[in-house]
file final29.tsv (TSV, C-alpha atoms)
chain	number	residue	atom	x	y	z
A	1	MET	CA	24.52	-52.10	45.02
A	2	LEU	CA	21.21	-51.24	46.66
A	3	VAL	CA	19.49	-54.00	48.65
A	4	LEU	CA	16.05	-53.51	50.15
A	5	ASP	CA	13.85	-55.19	52.68
A	6	PHE	CA	10.24	-55.26	51.43
A	7	ASP	CA	7.68	-54.80	54.22
A	8	GLY	CA	8.12	-51.47	55.96
A	9	VAL	CA	10.49	-50.25	53.25
A	10	MET	CA	8.64	-50.69	49.96
A	11	THR	CA	5.34	-50.76	51.87
A	12	ASP	CA	3.94	-48.94	54.88
A	13	ASN	CA	4.31	-52.19	56.85
A	14	ARG	CA	0.57	-52.85	56.87
A	15	VAL	CA	-1.25	-55.72	55.21
A	16	LEU	CA	-4.83	-55.91	53.98
A	17	VAL	CA	-6.25	-59.38	54.63
A	18	PHE	CA	-9.31	-60.47	52.65
A	19	GLU	CA	-11.89	-62.96	53.95
A	20	ASP	CA	-10.42	-65.73	51.81
A	21	GLY	CA	-6.95	-65.16	53.28
A	22	ARG	CA	-5.46	-63.31	50.32
A	23	GLU	CA	-3.26	-60.40	51.28
A	24	ALA	CA	-2.50	-57.06	49.65
A	25	VAL	CA	-0.10	-54.24	50.42
A	26	LEU	CA	0.27	-50.67	49.25
A	27	CYS	CA	3.42	-49.60	47.41
A	28	ASN	CA	4.48	-46.18	46.21
A	29	ARG	CA	4.75	-45.70	42.44
A	30	SER	CA	7.46	-43.05	42.85
A	31	ASP	CA	9.61	-45.72	44.51
A	32	GLY	CA	9.25	-47.79	41.36
A	33	LEU	CA	10.32	-44.90	39.14
A	34	GLY	CA	13.29	-44.17	41.42
A	35	LEU	CA	14.41	-47.80	41.20
A	36	GLU	CA	14.03	-47.79	37.41
A	37	ARG	CA	16.15	-44.63	37.13
A	38	LEU	CA	18.79	-46.00	39.51
A	39	ARG	CA	19.00	-49.31	37.65
A	40	ALA	CA	19.63	-47.30	34.45
A	41	THR	CA	22.81	-45.93	36.07
A	42	GLY	CA	24.13	-49.48	36.44
A	43	VAL	CA	23.56	-49.91	40.17
A	44	PRO	CA	22.60	-53.54	40.91
A	45	LEU	CA	19.36	-53.94	42.89
A	46	ALA	CA	17.93	-56.71	45.05
A	47	VAL	CA	15.18	-57.36	47.59
A	48	ILE	CA	15.57	-59.70	50.54
A	49	SER	CA	12.36	-60.45	52.44
A	50	LYS	CA	11.32	-62.72	55.29
A	51	GLU	CA	7.83	-62.76	53.76
A	52	VAL	CA	6.74	-65.58	51.47
A	53	ASN	CA	3.68	-63.72	50.21
A	54	PRO	CA	3.19	-63.75	46.40
A	55	VAL	CA	2.70	-59.97	46.49
A	56	VAL	CA	6.44	-59.52	47.18
A	57	ALA	CA	7.44	-61.54	44.13
A	58	ALA	CA	4.78	-59.86	41.98
A	59	ARG	CA	5.99	-56.35	42.83
A	60	CYS	CA	9.64	-57.27	42.32
A	61	ARG	CA	8.85	-59.00	39.04
A	62	LYS	CA	7.07	-55.84	37.81
A	63	LEU	CA	10.04	-53.69	38.87
A	64	LYS	CA	12.54	-56.20	37.39
A	65	ILE	CA	14.35	-56.58	40.71
A	66	PRO	CA	15.80	-59.91	41.84
A	67	CYS	CA	14.00	-61.04	44.98
A	68	GLU	CA	14.82	-63.56	47.68
A	69	GLN	CA	11.78	-64.53	49.81
A	70	GLY	CA	11.24	-66.55	52.96
A	71	VAL	CA	14.70	-65.56	54.19
A	72	ASN	CA	15.43	-66.06	57.88
A	73	ASP	CA	19.18	-65.36	57.61
A	74	LYS	CA	19.23	-62.18	55.56
A	75	LEU	CA	22.95	-61.61	56.11
A	76	ALA	CA	23.87	-64.95	54.50
A	77	VAL	CA	21.76	-64.09	51.45
A	78	LEU	CA	23.22	-60.57	51.32
A	79	GLN	CA	26.76	-61.99	51.42
A	80	ARG	CA	25.92	-64.43	48.61
A	81	LEU	CA	24.36	-61.70	46.46
A	82	ALA	CA	27.38	-59.47	47.04
A	83	ALA	CA	29.75	-62.25	46.00
A	84	GLU	CA	27.66	-63.14	42.93
A	85	SER	CA	27.62	-59.46	41.90
A	86	ASN	CA	31.30	-58.99	42.75
A	87	VAL	CA	30.39	-56.07	45.03
A	88	ALA	CA	32.08	-55.56	48.39
A	89	LEU	CA	29.72	-55.27	51.35
A	90	SER	CA	31.26	-51.83	51.95
A	91	ASN	CA	29.85	-50.77	48.56
A	92	ILE	CA	26.30	-51.80	49.41
A	93	ALA	CA	23.50	-49.65	50.77
A	94	PHE	CA	20.90	-51.72	52.63
A	95	VAL	CA	17.48	-50.32	53.51
A	96	GLY	CA	15.74	-51.99	56.43
A	97	ASN	CA	13.20	-51.11	59.05
A	98	ASP	CA	13.04	-53.88	61.65
A	99	ILE	CA	15.25	-55.93	63.96
A	100	ASN	CA	15.59	-58.79	61.46
A	101	ASP	CA	17.45	-56.32	59.22
A	102	LEU	CA	20.05	-55.36	61.85
A	103	SER	CA	22.73	-57.86	60.79
A	104	CYS	CA	22.60	-56.62	57.19
A	105	LEU	CA	22.54	-52.98	58.24
A	106	MET	CA	25.63	-53.50	60.38
A	107	ALA	CA	27.48	-55.35	57.61
A	108	VAL	CA	27.14	-52.86	54.75
A	109	GLY	CA	28.81	-49.58	53.87
A	110	VAL	CA	25.62	-47.53	54.14
A	111	ALA	CA	22.83	-48.52	56.53
A	112	VAL	CA	19.57	-46.79	55.60
A	113	ALA	CA	16.31	-46.69	57.55
A	114	PRO	CA	12.95	-45.17	56.72
A	115	CYS	CA	12.07	-42.52	59.31
A	116	ASP	CA	9.38	-44.80	60.78
A	117	ALA	CA	11.74	-47.73	61.33
A	118	TYR	CA	12.00	-49.35	64.75
A	119	PRO	CA	14.22	-47.56	67.29
A	120	GLU	CA	16.93	-50.24	67.21
A	121	VAL	CA	17.28	-49.70	63.47
A	122	LEU	CA	17.20	-45.92	63.66
A	123	ARG	CA	20.03	-46.00	66.23
A	124	ILE	CA	22.47	-47.68	63.85
A	125	ALA	CA	21.40	-46.13	60.53
A	126	ASN	CA	23.89	-43.94	58.68
A	127	VAL	CA	21.02	-42.39	56.75
A	128	VAL	CA	17.41	-41.92	57.88
A	129	THR	CA	14.96	-40.91	55.17
A	130	THR	CA	12.51	-38.07	55.66
A	131	ALA	CA	9.79	-40.20	54.04
A	132	PRO	CA	8.33	-43.22	55.84
A	133	GLY	CA	8.38	-46.72	54.37
A	134	GLY	CA	5.86	-47.12	51.56
A	135	PHE	CA	5.58	-43.36	51.13
A	136	GLY	CA	8.61	-42.55	49.00
A	137	ALA	CA	11.50	-43.67	51.25
A	138	VAL	CA	12.91	-45.86	48.48
A	139	ARG	CA	12.66	-43.03	45.93
A	140	GLU	CA	14.48	-40.77	48.37
A	141	VAL	CA	17.31	-43.30	48.68
A	142	CYS	CA	17.53	-43.73	44.90
A	143	ASP	CA	17.68	-39.96	44.44
A	144	LEU	CA	20.42	-39.67	47.10
A	145	ILE	CA	22.51	-42.35	45.39
A	146	MET	CA	22.11	-40.71	41.98
A	147	ALA	CA	23.03	-37.31	43.45
A	148	ALA	CA	26.16	-38.84	44.98
A	149	GLN	CA	27.04	-40.43	41.62
A	150	ASN	CA	26.66	-37.07	39.91
A	151	GLU	CA	28.75	-35.34	42.57
A	152	LEU	CA	31.51	-37.90	42.15
A	153	ALA	CA	31.36	-37.32	38.40
A	154	GLY	CA	31.74	-33.57	38.99
A	155	GLU	CA	28.21	-32.69	37.97
A	156	THR	CA	25.79	-30.59	39.97
A	157	ILE	CA	22.08	-31.16	40.24
A	158	ALA	CA	19.86	-28.09	40.21
call {"tool": "encode", "arguments": {"input": "final29.tsv", "output": "structure tokens"}}
result
Amino acid sequence: MLVLDFDGVMTDNRVLVFEDGREAVLCNRSDGLGLERLRATGVPLAVISKEVNPVVAARCRKLKIPCEQGVNDKLAVLQRLAAESNVALSNIAFVGNDINDLSCLMAVGVAVAPCDAYPEVLRIANVVTTAPGGFGAVREVCDLIMAAQNELAGETIA
């Protein structure tokens, strides 16, 4: 299972605020394609975000990824999602970039951080992407998981 934080992972951690208070973020289309390809292999996906902004739900809805928003205790939600999906925490890769992701990163089998994550996160990550959040980090993780699946199946990727 692949579980993602949203801001700083699927975005570059910035927000555009309009005069009327609406917010917008930038996401990377290659991340979306990577997630679509990974889902096709049968890997369950989820997003857990502290944000309550409608943009999170809209992006997840478009990508057909279950999304939990307004989450203060991400680990409790992660544990529930793992149980509901019948996936051991040790078989989950979690991608996070900030200190509110630390408990999840420490609980899973593979802790992943975008290269521009906060130092506390980078220190405990098993994998650090070469791409920053919002600039293909998620695609990189998807490609790594698919390469590992192929390697386990005895295939090689050119």
call {"tool": "closest_residue", "arguments": {"input": "final29.tsv", "among": "A:Ala131, A:Val87, A:Leu2, A:Val141", "to": "Pro66 (chain A)", "atoms": "only C-alpha atoms"}}
result
A:Leu2
call {"tool": "residues_around", "arguments": {"input": "final29.tsv", "residues": "region 67-79 of chain A", "least_positions_apart": "5", "cutoff": "7 Å", "atoms": "all atoms listed in the file", "output": "ChimeraX atom specification"}}
result
/A:46-52,57,60,103-104
call {"tool": "atom_distance", "arguments": {"input": "final29.tsv", "atom1": "CA of Arg14 (chain A)", "atom2": "CA of Ala93 (chain A)"}}
result
23.9 Å
call {"tool": "atom_distance", "arguments": {"input": "final29.tsv", "atom1": "CA of Asn91 (chain A)", "atom2": "CA of Leu35 (chain A)"}}
result
17.4 Å
call {"tool": "atom_distance", "arguments": {"input": "final29.tsv", "atom1": "CA of Val95 (chain A)", "atom2": "CA of Pro54 (chain A)"}}
result
20.9 Å
call {"tool": "closest_residue", "arguments": {"input": "final29.tsv", "among": "A:Gly154, A:Gly8, A:Ala148, A:Met1", "to": "Ser90 (chain A)", "atoms": "all atoms listed in the file"}}
result
A:Met1
call {"tool": "closest_residue", "arguments": {"input": "final29.tsv", "among": "A:Glu36, A:Val55, A:Ile124, A:Tyr118", "to": "Met106 (chain A)", "atoms": "all atoms listed in the file"}}
result
A:Ile124
call {"tool": "closest_residue", "arguments": {"input": "final29.tsv", "among": "A:Cys27, A:Glu84, A:Leu63, A:Pro119", "to": "Val9 (chain A)", "atoms": "all atoms listed in the file"}}
result
A:Cys27
call {"tool": "closest_residue", "arguments": {"input": "final29.tsv", "among": "A:Leu102, A:Ala117, A:Val138, A:Val43", "to": "Asn13 (chain A)", "atoms": "all atoms listed in the file"}}
result
A:Ala117
call {"tool": "closest_residue", "arguments": {"input": "final29.tsv", "among": "A:Pro44, A:Asp101, A:Thr129, A:Val110", "to": "Leu81 (chain A)", "atoms": "only C-alpha atoms"}}
result
A:Pro44
call {"tool": "residues_around", "arguments": {"input": "final29.tsv", "residues": "Val128 (chain A)", "least_positions_apart": "5", "cutoff": "6 Å", "atoms": "all atoms listed in the file", "output": "count of residues only"}}
result
4
call {"tool": "residues_around", "arguments": {"input": "final29.tsv", "residues": "region 29-33 of chain A", "least_positions_apart": "4", "cutoff": "9 Å", "atoms": "only C-alpha atoms", "output": "list in words"}}
result
Met10, Arg37, Leu38, Leu63, Gly134, Phe135, Gly136, Ala137, Val138, Arg139, Glu140 and Cys142 of chain A
